[in-house]
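Asks: So here's final.cif, just mmCIF, C-alpha atoms:
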data_query
loop_
_atom_site.group_PDB
_atom_site.id
_atom_site.type_symbol
_atom_site.label_atom_id
_atom_site.label_comp_id
_atom_site.auth_asym_id
_atom_site.auth_seq_id
_atom_site.Cartn_x
_atom_site.Cartn_y
_atom_site.Cartn_z
ATOM 1 C CA MET A 125 -71.731 57.044 89.966
ATOM 2 C CA ALA A 126 -73.264 54.048 91.658
ATOM 3 C CA ASP A 127 -75.851 53.634 88.925
ATOM 4 C CA VAL A 128 -73.444 52.707 86.157
ATOM 5 C CA ALA A 129 -71.873 49.296 86.534
ATOM 6 C CA GLN A 130 -69.810 47.235 84.172
ATOM 7 C CA SER A 131 -70.542 43.598 83.604
ATOM 8 C CA GLU A 132 -68.552 41.632 81.084
ATOM 9 C CA GLY A 133 -67.665 44.755 79.140
ATOM 10 C CA VAL A 134 -71.282 45.848 78.721
ATOM 11 C CA LEU A 135 -72.232 49.142 80.373
ATOM 12 C CA VAL A 136 -75.286 48.610 82.533
ATOM 13 C CA PHE A 137 -77.124 51.771 83.484
ATOM 14 C CA LYS A 138 -79.801 51.591 86.149
ATOM 15 C CA PRO A 139 -81.736 54.848 86.392
ATOM 16 C CA LEU A 140 -84.048 53.501 89.067
ATOM 17 C CA ASP A 141 -81.203 53.016 91.556
ATOM 18 C CA GLN A 142 -81.602 56.625 92.667
ATOM 19 C CA PHE A 143 -84.767 55.669 94.572
ATOM 20 C CA ILE A 144 -83.198 52.955 96.739
ATOM 21 C CA ILE A 145 -83.596 53.651 100.456
ATOM 22 C CA SER A 146 -80.418 52.794 102.302
ATOM 23 C CA PRO A 147 -79.460 53.251 105.956
ATOM 24 C CA LEU A 148 -77.198 56.191 106.668
ATOM 25 C CA PHE A 149 -74.906 54.322 109.032
ATOM 26 C CA GLY A 150 -73.790 50.836 108.181
ATOM 27 C CA ASP A 151 -75.605 48.338 106.029
ATOM 28 C CA GLY A 152 -77.997 46.569 108.345
ATOM 29 C CA PRO A 153 -81.721 45.965 107.990
ATOM 30 C CA ILE A 154 -84.052 48.935 108.044
ATOM 31 C CA TYR A 155 -86.304 49.191 111.081
ATOM 32 C CA TRP A 156 -88.779 51.948 111.750
ATOM 33 C CA TYR A 157 -86.150 53.811 113.771
ATOM 34 C CA THR A 158 -83.251 53.450 111.343
ATOM 35 C CA PRO A 159 -81.987 56.743 109.950
ATOM 36 C CA THR A 160 -82.061 56.368 106.176
ATOM 37 C CA ASN A 161 -81.424 58.761 103.332
ATOM 38 C CA LEU A 162 -85.205 59.191 103.131
ATOM 39 C CA THR A 163 -85.507 60.353 106.739
ATOM 40 C CA LEU A 164 -82.445 62.564 106.300
ATOM 41 C CA TRP A 165 -84.017 64.448 103.417
ATOM 42 C CA LEU A 166 -87.369 64.675 105.170
ATOM 43 C CA GLY A 167 -85.510 66.232 108.097
ATOM 44 C CA ILE A 168 -83.679 68.638 105.808
ATOM 45 C CA ALA A 169 -87.022 69.712 104.322
ATOM 46 C CA VAL A 170 -88.431 70.415 107.790
ATOM 47 C CA VAL A 171 -85.311 72.403 108.728
ATOM 48 C CA CYS A 172 -85.549 74.453 105.522
ATOM 49 C CA ILE A 173 -89.230 75.175 106.121
ATOM 50 C CA TYR A 174 -88.430 76.240 109.666
ATOM 51 C CA LEU A 175 -85.633 78.503 108.450
ATOM 52 C CA LEU A 176 -87.814 80.159 105.843
ATOM 53 C CA PHE A 177 -91.009 80.630 107.796
ATOM 54 C CA VAL A 178 -90.007 80.927 111.437
ATOM 55 C CA VAL A 179 -86.514 82.370 111.370
ATOM 56 C CA GLY A 180 -87.101 84.458 108.244
ATOM 57 C CA SER A 181 -90.172 86.094 109.721
ATOM 58 C CA SER A 182 -88.835 86.448 113.258
ATOM 59 C CA GLY A 183 -88.496 90.202 112.777
ATOM 60 C CA ARG A 184 -92.267 90.416 112.129
ATOM 61 C CA SER A 185 -91.831 93.745 110.398
ATOM 62 C CA ILE A 186 -94.865 95.455 108.912
ATOM 63 C CA VAL A 187 -92.796 96.216 105.836
ATOM 64 C CA PRO A 188 -91.483 92.730 105.201
ATOM 65 C CA SER A 189 -87.895 91.880 104.520
ATOM 66 C CA ARG A 190 -87.204 89.794 101.429
ATOM 67 C CA ILE A 191 -87.295 86.465 103.242
ATOM 68 C CA GLN A 192 -90.428 87.433 105.114
ATOM 69 C CA SER A 193 -92.149 88.476 101.921
ATOM 70 C CA ILE A 194 -91.468 85.056 100.387
ATOM 71 C CA SER A 195 -93.321 83.430 103.265
ATOM 72 C CA GLU A 196 -96.052 86.077 103.058
ATOM 73 C CA VAL A 197 -96.525 85.407 99.334
ATOM 74 C CA ILE A 198 -96.882 81.676 99.926
ATOM 75 C CA TYR A 199 -99.241 82.291 102.873
ATOM 76 C CA GLY A 200 -101.401 84.677 100.850
ATOM 77 C CA PHE A 201 -101.505 82.364 97.847
ATOM 78 C CA ILE A 202 -102.738 79.368 99.844
ATOM 79 C CA TYR A 203 -105.129 81.464 101.953
ATOM 80 C CA LYS A 204 -106.678 82.955 98.813
ATOM 81 C CA MET A 205 -106.959 79.517 97.211
ATOM 82 C CA LEU A 206 -108.659 78.058 100.282
ATOM 83 C CA ASP A 207 -110.972 81.049 100.598
ATOM 84 C CA ASP A 208 -111.951 80.930 96.903
ATOM 85 C CA VAL A 209 -112.716 77.205 96.957
ATOM 86 C CA CYS A 210 -114.209 76.663 100.418
ATOM 87 C CA GLY A 211 -115.368 80.063 101.573
ATOM 88 C CA GLN A 212 -114.948 81.320 105.109
ATOM 89 C CA ASP A 213 -116.166 78.020 106.642
ATOM 90 C CA GLY A 214 -113.180 76.202 105.235
ATOM 91 C CA VAL A 215 -110.594 78.784 106.155
ATOM 92 C CA LYS A 216 -110.227 77.310 109.652
ATOM 93 C CA TYR A 217 -108.448 74.313 108.072
ATOM 94 C CA PHE A 218 -105.768 76.585 106.673
ATOM 95 C CA PRO A 219 -102.932 75.223 108.885
ATOM 96 C CA TYR A 220 -103.415 71.725 107.507
ATOM 97 C CA VAL A 221 -103.641 72.826 103.876
ATOM 98 C CA MET A 222 -100.643 75.116 104.262
ATOM 99 C CA THR A 223 -98.598 72.343 105.875
ATOM 100 C CA LEU A 224 -99.402 69.992 103.012
ATOM 101 C CA PHE A 225 -98.520 72.521 100.341
ATOM 102 C CA VAL A 226 -95.284 73.773 101.883
ATOM 103 C CA PHE A 227 -94.104 70.273 102.795
ATOM 104 C CA ILE A 228 -94.676 68.809 99.329
ATOM 105 C CA LEU A 229 -93.209 71.905 97.668
ATOM 106 C CA PHE A 230 -90.024 71.816 99.718
ATOM 107 C CA VAL A 231 -89.529 68.048 99.433
ATOM 108 C CA ASN A 232 -90.001 68.239 95.653
ATOM 109 C CA TYR A 233 -87.622 71.143 95.181
ATOM 110 C CA LEU A 234 -84.965 69.762 97.517
ATOM 111 C CA GLY A 235 -85.072 66.571 95.493
ATOM 112 C CA LEU A 236 -84.055 68.522 92.414
ATOM 113 C CA ILE A 237 -80.620 69.216 93.861
ATOM 114 C CA PRO A 238 -78.227 66.876 92.032
ATOM 115 C CA THR A 239 -77.286 63.768 94.038
ATOM 116 C CA SER A 240 -80.098 64.346 96.540
ATOM 117 C CA PHE A 241 -83.036 62.085 97.287
ATOM 118 C CA VAL A 242 -86.663 63.023 96.695
ATOM 119 C CA ALA A 243 -88.921 61.602 99.367
ATOM 120 C CA THR A 244 -92.234 62.100 97.558
ATOM 121 C CA SER A 245 -91.170 59.712 94.811
ATOM 122 C CA HIS A 246 -91.877 56.897 97.244
ATOM 123 C CA ILE A 247 -95.455 55.725 97.421
ATOM 124 C CA GLY A 248 -94.966 55.171 101.172
ATOM 125 C CA VAL A 249 -94.644 58.906 101.785
ATOM 126 C CA THR A 250 -97.411 60.056 99.468
ATOM 127 C CA VAL A 251 -99.842 57.404 100.667
ATOM 128 C CA VAL A 252 -99.636 58.816 104.177
ATOM 129 C CA LEU A 253 -100.331 62.292 102.823
ATOM 130 C CA GLY A 254 -103.179 61.106 100.595
ATOM 131 C CA PHE A 255 -104.838 58.883 103.176
ATOM 132 C CA GLY A 256 -104.461 61.640 105.746
ATOM 133 C CA VAL A 257 -106.471 63.936 103.505
ATOM 134 C CA PHE A 258 -109.071 61.257 102.744
ATOM 135 C CA LEU A 259 -109.588 60.174 106.344
ATOM 136 C CA GLY A 260 -109.601 63.747 107.578
ATOM 137 C CA VAL A 261 -112.161 64.880 105.035
ATOM 138 C CA THR A 262 -114.417 61.850 105.614
ATOM 139 C CA VAL A 263 -114.337 62.195 109.404
ATOM 140 C CA LEU A 264 -114.905 65.930 109.089
ATOM 141 C CA GLY A 265 -117.851 65.381 106.759
ATOM 142 C CA PHE A 266 -119.557 63.043 109.201
ATOM 143 C CA VAL A 267 -118.792 65.227 112.215
ATOM 144 C CA LEU A 268 -120.095 68.401 110.576
ATOM 145 C CA ASN A 269 -123.070 66.990 108.691
ATOM 146 C CA GLY A 270 -123.958 63.686 110.314
ATOM 147 C CA PRO A 271 -125.538 61.065 108.062
ATOM 148 C CA ALA A 272 -126.569 63.809 105.654
ATOM 149 C CA PHE A 273 -122.985 63.646 104.382
ATOM 150 C CA LEU A 274 -124.010 60.534 102.455
ATOM 151 C CA GLY A 275 -126.445 62.711 100.513
ATOM 152 C CA MET A 276 -123.396 63.744 98.507
ATOM 153 C CA PHE A 277 -123.730 60.511 96.530
ATOM 154 C CA TRP A 278 -127.463 60.759 95.859
ATOM 155 C CA LEU A 279 -127.674 63.198 92.993
ATOM 156 C CA LYS A 280 -130.962 65.063 92.888
ATOM 157 C CA GLU A 281 -130.283 66.384 89.381
ATOM 158 C CA ALA A 282 -130.429 62.964 87.766
ATOM 159 C CA PRO A 283 -133.638 61.058 86.881
ATOM 160 C CA LEU A 284 -134.789 58.683 89.611
ATOM 161 C CA ALA A 285 -134.100 55.514 87.643
ATOM 162 C CA VAL A 286 -130.455 56.410 87.109
ATOM 163 C CA ARG A 287 -129.708 57.476 90.686
ATOM 164 C CA PRO A 288 -128.663 54.085 92.163
ATOM 165 C CA ILE A 289 -126.131 53.477 89.387
ATOM 166 C CA LEU A 290 -124.829 57.013 89.646
ATOM 167 C CA ALA A 291 -124.588 56.631 93.428
ATOM 168 C CA LEU A 292 -122.460 53.532 92.962
ATOM 169 C CA ILE A 293 -120.195 55.333 90.508
ATOM 170 C CA GLU A 294 -119.940 58.309 92.844
ATOM 171 C CA ILE A 295 -119.016 56.067 95.792
ATOM 172 C CA VAL A 296 -116.322 54.305 93.793
ATOM 173 C CA SER A 297 -114.874 57.598 92.595
ATOM 174 C CA TYR A 298 -114.931 58.870 96.192
ATOM 175 C CA LEU A 299 -113.040 55.806 97.408
ATOM 176 C CA VAL A 300 -110.476 56.198 94.621
ATOM 177 C CA ARG A 301 -109.536 59.682 95.902
ATOM 178 C CA PRO A 302 -106.719 58.655 98.274
ATOM 179 C CA VAL A 303 -105.295 56.304 95.648
ATOM 180 C CA SER A 304 -105.327 58.965 92.958
ATOM 181 C CA LEU A 305 -103.878 61.658 95.219
ATOM 182 C CA SER A 306 -100.959 59.511 96.332
ATOM 183 C CA VAL A 307 -100.239 57.768 93.020
ATOM 184 C CA ARG A 308 -100.437 61.039 91.078
ATOM 185 C CA LEU A 309 -97.762 62.709 93.213
ATOM 186 C CA ALA A 310 -95.477 59.679 93.513
ATOM 187 C CA GLY A 311 -95.791 58.720 89.862
ATOM 188 C CA ASN A 312 -95.150 62.208 88.534
ATOM 189 C CA ILE A 313 -92.079 62.758 90.685
ATOM 190 C CA MET A 314 -90.654 59.282 90.154
ATOM 191 C CA ALA A 315 -91.195 59.335 86.398
ATOM 192 C CA GLY A 316 -89.732 62.821 86.140
ATOM 193 C CA HIS A 317 -86.606 61.965 88.063
ATOM 194 C CA THR A 318 -86.115 58.733 86.112
ATOM 195 C CA VAL A 319 -86.316 60.672 82.846
ATOM 196 C CA VAL A 320 -83.796 63.230 84.129
ATOM 197 C CA LYS A 321 -81.444 60.400 85.075
ATOM 198 C CA VAL A 322 -81.786 58.799 81.651
ATOM 199 C CA PHE A 323 -81.126 62.109 79.924
ATOM 200 C CA ALA A 324 -78.168 62.690 82.227
ATOM 201 C CA ALA A 325 -76.616 59.543 80.816
ATOM 202 C CA PHE A 326 -76.517 61.314 77.486
ATOM 203 C CA ALA A 327 -74.024 63.760 78.965
ATOM 204 C CA GLY A 328 -71.455 61.085 78.234
ATOM 205 C CA ILE A 329 -71.591 62.033 74.576
ATOM 206 C CA ALA A 330 -71.486 65.778 75.237
ATOM 207 C CA ALA A 331 -68.128 66.005 73.502
ATOM 208 C CA LEU A 332 -69.739 64.707 70.317
ATOM 209 C CA SER A 333 -73.023 66.546 70.575
ATOM 210 C CA PRO A 334 -73.627 69.622 72.774
ATOM 211 C CA LEU A 335 -77.322 69.108 72.045
ATOM 212 C CA SER A 336 -77.400 66.504 74.807
ATOM 213 C CA VAL A 337 -76.587 69.146 77.409
ATOM 214 C CA LEU A 338 -79.420 71.293 76.031
ATOM 215 C CA ALA A 339 -81.772 68.328 76.337
ATOM 216 C CA ILE A 340 -80.789 67.804 79.963
ATOM 217 C CA VAL A 341 -81.402 71.492 80.725
ATOM 218 C CA ALA A 342 -84.813 71.350 79.055
ATOM 219 C CA ILE A 343 -85.967 68.243 80.888
ATOM 220 C CA TYR A 344 -84.624 69.594 84.180
ATOM 221 C CA GLY A 345 -86.653 72.755 83.602
ATOM 222 C CA LEU A 346 -89.731 70.601 83.035
ATOM 223 C CA GLU A 347 -89.036 68.852 86.328
ATOM 224 C CA VAL A 348 -88.844 72.194 88.138
ATOM 225 C CA LEU A 349 -92.259 73.053 86.692
ATOM 226 C CA VAL A 350 -93.736 69.659 87.564
ATOM 227 C CA ALA A 351 -92.448 69.863 91.151
ATOM 228 C CA GLY A 352 -94.318 73.100 91.745
ATOM 229 C CA ILE A 353 -97.438 72.062 89.837
ATOM 230 C CA GLN A 354 -97.771 68.757 91.679
ATOM 231 C CA ALA A 355 -97.638 70.518 95.039
ATOM 232 C CA TYR A 356 -100.276 72.970 93.825
ATOM 233 C CA VAL A 357 -102.511 70.217 92.425
ATOM 234 C CA PHE A 358 -102.351 68.171 95.632
ATOM 235 C CA THR A 359 -103.323 71.238 97.621
ATOM 236 C CA ILE A 360 -106.132 72.400 95.377
ATOM 237 C CA LEU A 361 -107.628 68.909 95.324
ATOM 238 C CA THR A 362 -107.457 68.879 99.130
ATOM 239 C CA CYS A 363 -109.357 72.190 99.105
ATOM 240 C CA VAL A 364 -111.991 70.772 96.740
ATOM 241 C CA TYR A 365 -112.460 67.678 98.925
ATOM 242 C CA LEU A 366 -112.678 69.912 102.006
ATOM 243 C CA LYS A 367 -115.395 71.906 100.306
ATOM 244 C CA ASP A 368 -117.328 68.684 99.773
ATOM 245 C CA ALA A 369 -117.129 67.983 103.494
ATOM 246 C CA VAL A 370 -117.794 71.479 104.751
ATOM 247 C CA LYS A 371 -120.625 72.255 102.335
ATOM 248 C CA PRO A 372 -121.928 68.929 101.082
ATOM 249 C CA HIS A 373 -124.448 70.252 98.597
ATOM 250 C CA HIS A 374 -122.878 70.751 95.171
ATOM 251 C CA MET B 134 -81.466 36.983 72.966
ATOM 252 C CA GLU B 135 -81.623 35.088 76.240
ATOM 253 C CA GLY B 136 -84.002 35.007 79.158
ATOM 254 C CA ASN B 137 -87.130 33.211 80.164
ATOM 255 C CA ILE B 138 -90.563 33.782 78.716
ATOM 256 C CA GLY B 139 -91.787 35.265 81.969
ATOM 257 C CA GLU B 140 -89.374 38.146 81.577
ATOM 258 C CA LEU B 141 -90.458 38.517 77.967
ATOM 259 C CA GLY B 142 -94.025 38.865 79.160
ATOM 260 C CA GLN B 143 -92.948 41.497 81.671
ATOM 261 C CA TYR B 144 -91.227 43.586 79.038
ATOM 262 C CA ILE B 145 -94.079 43.333 76.563
ATOM 263 C CA GLY B 146 -96.615 44.236 79.236
ATOM 264 C CA ALA B 147 -94.572 47.247 80.291
ATOM 265 C CA GLY B 148 -94.394 48.413 76.686
ATOM 266 C CA MET B 149 -98.162 48.179 76.364
ATOM 267 C CA GLY B 150 -98.494 50.222 79.530
ATOM 268 C CA ALA B 151 -96.515 52.949 77.821
ATOM 269 C CA ILE B 152 -99.187 53.094 75.104
ATOM 270 C CA GLY B 153 -101.725 53.936 77.799
ATOM 271 C CA ALA B 154 -99.567 56.822 78.941
ATOM 272 C CA GLY B 155 -99.426 58.100 75.376
ATOM 273 C CA ILE B 156 -103.219 58.096 75.127
ATOM 274 C CA ALA B 157 -103.397 60.036 78.397
ATOM 275 C CA ALA B 158 -101.314 62.721 76.728
ATOM 276 C CA LEU B 159 -104.169 63.203 74.265
ATOM 277 C CA GLY B 160 -106.580 63.694 77.150
ATOM 278 C CA VAL B 161 -104.376 66.250 78.877
ATOM 279 C CA ALA B 162 -103.874 68.162 75.640
ATOM 280 C CA ASN B 163 -107.663 68.151 75.149
ATOM 281 C CA VAL B 164 -108.183 69.881 78.499
ATOM 282 C CA ALA B 165 -105.456 72.433 77.885
ATOM 283 C CA GLY B 166 -106.592 73.136 74.316
ATOM 284 C CA ASN B 167 -110.188 73.732 75.321
ATOM 285 C CA TYR B 168 -109.063 76.074 78.078
ATOM 286 C CA LEU B 169 -106.940 77.974 75.580
ATOM 287 C CA ALA B 170 -109.791 78.249 73.096
ATOM 288 C CA GLY B 171 -112.107 79.564 75.773
ATOM 289 C CA ALA B 172 -109.484 81.958 77.113
ATOM 290 C CA LEU B 173 -108.912 83.476 73.689
ATOM 291 C CA ARG B 174 -112.633 84.074 73.278
ATOM 292 C CA ASN B 175 -113.157 85.556 76.724
ATOM 293 C CA PRO B 176 -109.839 86.680 78.169
ATOM 294 C CA SER B 177 -111.305 88.414 81.195
ATOM 295 C CA ALA B 178 -112.948 85.188 82.389
ATOM 296 C CA ALA B 179 -109.831 83.136 81.839
ATOM 297 C CA ALA B 180 -108.057 84.039 85.067
ATOM 298 C CA SER B 181 -110.925 82.790 87.220
ATOM 299 C CA GLN B 182 -110.772 79.357 85.667
ATOM 300 C CA THR B 183 -107.078 78.609 86.050
ATOM 301 C CA ALA B 184 -107.852 76.555 89.158
ATOM 302 C CA THR B 185 -110.342 74.462 87.179
ATOM 303 C CA LEU B 186 -107.734 74.067 84.450
ATOM 304 C CA PHE B 187 -105.198 72.643 86.863
ATOM 305 C CA ILE B 188 -107.733 70.323 88.455
ATOM 306 C CA GLY B 189 -108.765 69.032 85.015
ATOM 307 C CA LEU B 190 -105.127 68.536 84.031
ATOM 308 C CA ALA B 191 -104.486 66.675 87.275
ATOM 309 C CA PHE B 192 -107.375 64.248 86.747
ATOM 310 C CA ALA B 193 -106.436 63.522 83.139
ATOM 311 C CA GLU B 194 -102.780 63.097 83.978
ATOM 312 C CA ALA B 195 -103.504 60.875 86.965
ATOM 313 C CA LEU B 196 -104.945 58.163 84.747
ATOM 314 C CA GLY B 197 -101.836 58.279 82.587
ATOM 315 C CA ILE B 198 -99.820 57.860 85.760
ATOM 316 C CA PHE B 199 -101.929 54.829 86.685
ATOM 317 C CA SER B 200 -101.022 53.285 83.335
ATOM 318 C CA PHE B 201 -97.351 54.041 83.990
ATOM 319 C CA LEU B 202 -97.765 52.493 87.436
ATOM 320 C CA VAL B 203 -99.047 49.279 85.863
ATOM 321 C CA ALA B 204 -95.982 49.233 83.603
ATOM 322 C CA ILE B 205 -93.649 49.744 86.565
ATOM 323 C CA LEU B 206 -95.429 47.076 88.604
ATOM 324 C CA LEU B 207 -95.118 44.611 85.738
ATOM 325 C CA MET B 208 -91.449 45.371 85.331
ATOM 326 C CA PHE B 209 -90.334 45.301 88.935
ATOM 327 C CA ALA B 210 -92.986 43.918 91.224
ATOM 328 C CA VAL B 211 -94.091 40.738 89.490
#
Do you think you could lay out the structure here as C-alpha cells?
Replies:
Amino acid sequence: MADVAQSEGVLVFKPLDQFIISPLFGDGPIYWYTPTNLTLWLGIAVVCIYLLFVVGSSGRSIVPSRIQSISEVIYGFIYKMLDDVCGQDGVKYFPYVMTLFVFILFVNYLGLIPTSFVATSHIGVTVVLGFGVFLGVTVLGFVLNGPAFLGMFWLKEAPLAVRPILALIEIVSYLVRPVSLSVRLAGNIMAGHTVVKVFAAFAGIAALSPLSVLAIVAIYGLEVLVAGIQAYVFTILTCVYLKDAVKPHH
Amino acid sequence: MEGNIGELGQYIGAGMGAIGAGIAALGVANVAGNYLAGALRNPSAAASQTATLFIGLAFAEALGIFSFLVAILLMFAV
C-alpha cells in the first residue's frame, strides 16, 4: 500500500496518491510519448470496447448472442436518446455521441477495479472531451446556420430593454459549457474515488467493527452508480448542445 | 500545532469550500424532490421527464463540484 507511510511513528495516509501519474518503465520525466499508467488504462479501455463491440458482434446474428445484445442495448439507448433530443437532423452525429458515451462509461467502470487507475479523474482527459464537444458544436452551429447562430443569444421572449443583459448572461453561460462539462466529470470521479479510498482505510478496524466493511460496500455501490450517471449526463448534455447547433431556435 | 500561517489559511479556505458543497446538496435535493412530487401526481408523464431530471441534477451538482474544486485548488495548487 503505497499510500500509507510511517513518519516518526505517526501513520500518514494520503488518499490522493492514487491519482499520481507515473511512467510505466523507469522513473524518468514524462514526455508526451512516455507510457504512463494513465495511457495504459486508456489503452485497456479501448481494447475492452473493441472486444465488446467489434469482436462480440462479429457473428452479426439477427437473433443476437448475449454479448451482441449488450452492444445492441447500448446502441439503442444512445440512438433513442439522440433521436428524442435532436430529432432526425441530429442523428447523423450518432458516431461521435456514441464514442463519447462508451468511452467515458468504460473508463469509469474500469477505474472501479481495485488497484486500477481511472483516467477521467484527471482534468487533462476530461478537458479534451469537454472542449471537443464545445468546439465541435460551435463550429457546427456556424457551418449549419451561418451568423444566424448568434440569434441563440438574443431572446425574443424577453422585453426589449432586458435583452442586452440577458444576451450577456447567455453568452457567459455558453462559454462556461466546456468548463462545466469537464469539471463535472473530473470532480465527480475524483471526489468519489477519494472517498472510497478514505473509507477503505477504515477496513483496518474491521476486526473491531464489521460496520466499516458495510460502509465500504455502500460507498463503492454509490461509486458504481455515479460512474454510469456521469457518462449518461455528459452524453445527454452533448445531445442538448447539439440540438442548439442543429436547430438554433428554442 | 505547528506550521506556517499560509498553510493555516489553506486549510481554513478548504473547509469553507466544503460548506459550498453542502449547500449544493440542498439544490440537488430540491430538483429530485420536485421531480418526485410531480411524478407522484402524474405517473404517466414521469417517464418522459427523466432526461430533464438528470440534466437538472447535473447542473445543480456541477456547481457543488466547482466549490469542491476551489477547496482542492486551495489545498494543493496554491
Asks: List as an NGL selection string the protein and nucleic acid residues near Phe187 in chain B, meaning an atom at most 10 Å away when all atoms listed in the file are counted, but skip any in the same chain fewer than 5 places from it.
Replies: (:A and (353-354 or 356-357 or 360-361)) or (:B and (164-165 or 182 or 192-193))
Asks: As a PyMOL selection string, could you give me every residue of chain B near chain A (at most 12 Å apart, counting only C-alpha atoms)?
Replies: chain B and resi 151+154+181-206+208-209
Asks: Tell me, as a PyMOL selection string, which residues lie within 12 Å of Ile202 in chain A, counting all atoms listed in the file; anything in the same chain fewer than 5 positions away does not count.
Replies: chain A and resi 195-197+207-210+215+217-226+355-360+362-363
Asks: Report, in Å with one decimal, the straight-line distance from CA of Asn161 in chain A to CA of Ile145 in chain A.
Replies: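 CA of Ile145 in chain A lies at a distance of 6.3 Å from CA of Asn161 in chain A.
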Asks: Looking at all atoms listed in the file, which of A:Ile198, A:Leu140, A:Ile313, A:Val251 is the one that sits closest to Ala351 in chain A?
Replies: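 Closest to Ala351 in chain A of all the choices is A:Ile313.
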Asks: Axis-aligned box over every listed atom of range 137-145 of chain B, padded by 5 Å per side: centre and edges in Å to one decimal, as AutoDock Vina command-line options?
Replies:
--center_x -90.6 --center_y 38.4 --center_z 79.3 --size_x 16.9 --size_y 20.4 --size_z 15.4
Asks: Calculate how many Å separate CA of Gly260 in chain A from CA of Ile295 in chain A, rounding to one decimal.
Replies: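 Between CA of Gly260 in chain A and CA of Ile295 in chain A the gap is 16.9 Å.
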Asks: How far is it from CA of Ile145 in chain B to CA of Ile343 in chain A, in Å with one decimal?
Replies: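 About the pair CA of Ile145 in chain B and CA of Ile343 in chain A: they are 26.6 Å apart.
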Asks: Once the PyMOL selection byres ((chain A and resi 274-278) around 8) has been applied to the shown file, what residues remain in the selection, as a ChimeraX atom specification?
Replies: /A:271-273,279-280,287-288,290-292,294-295,368,372-374
Asks: The PyMOL selection byres ((chain A and resi 243-246) around 6) - which residues does that actually catch in the file I just gave you? List them as a VMD selection string.
Replies: chain A and resid 162 242 247 to 250 310 313 to 314
Asks: Find the residues near range 172-176 of chain A: any atom within 10 Å, counting all atoms listed in the file, skip ones fewer than 6 places away on the same chain, and give them as a PyMOL selection string.
Replies: chain A and resi 166+182+191-192+194-195+223+226-227+229-231+234
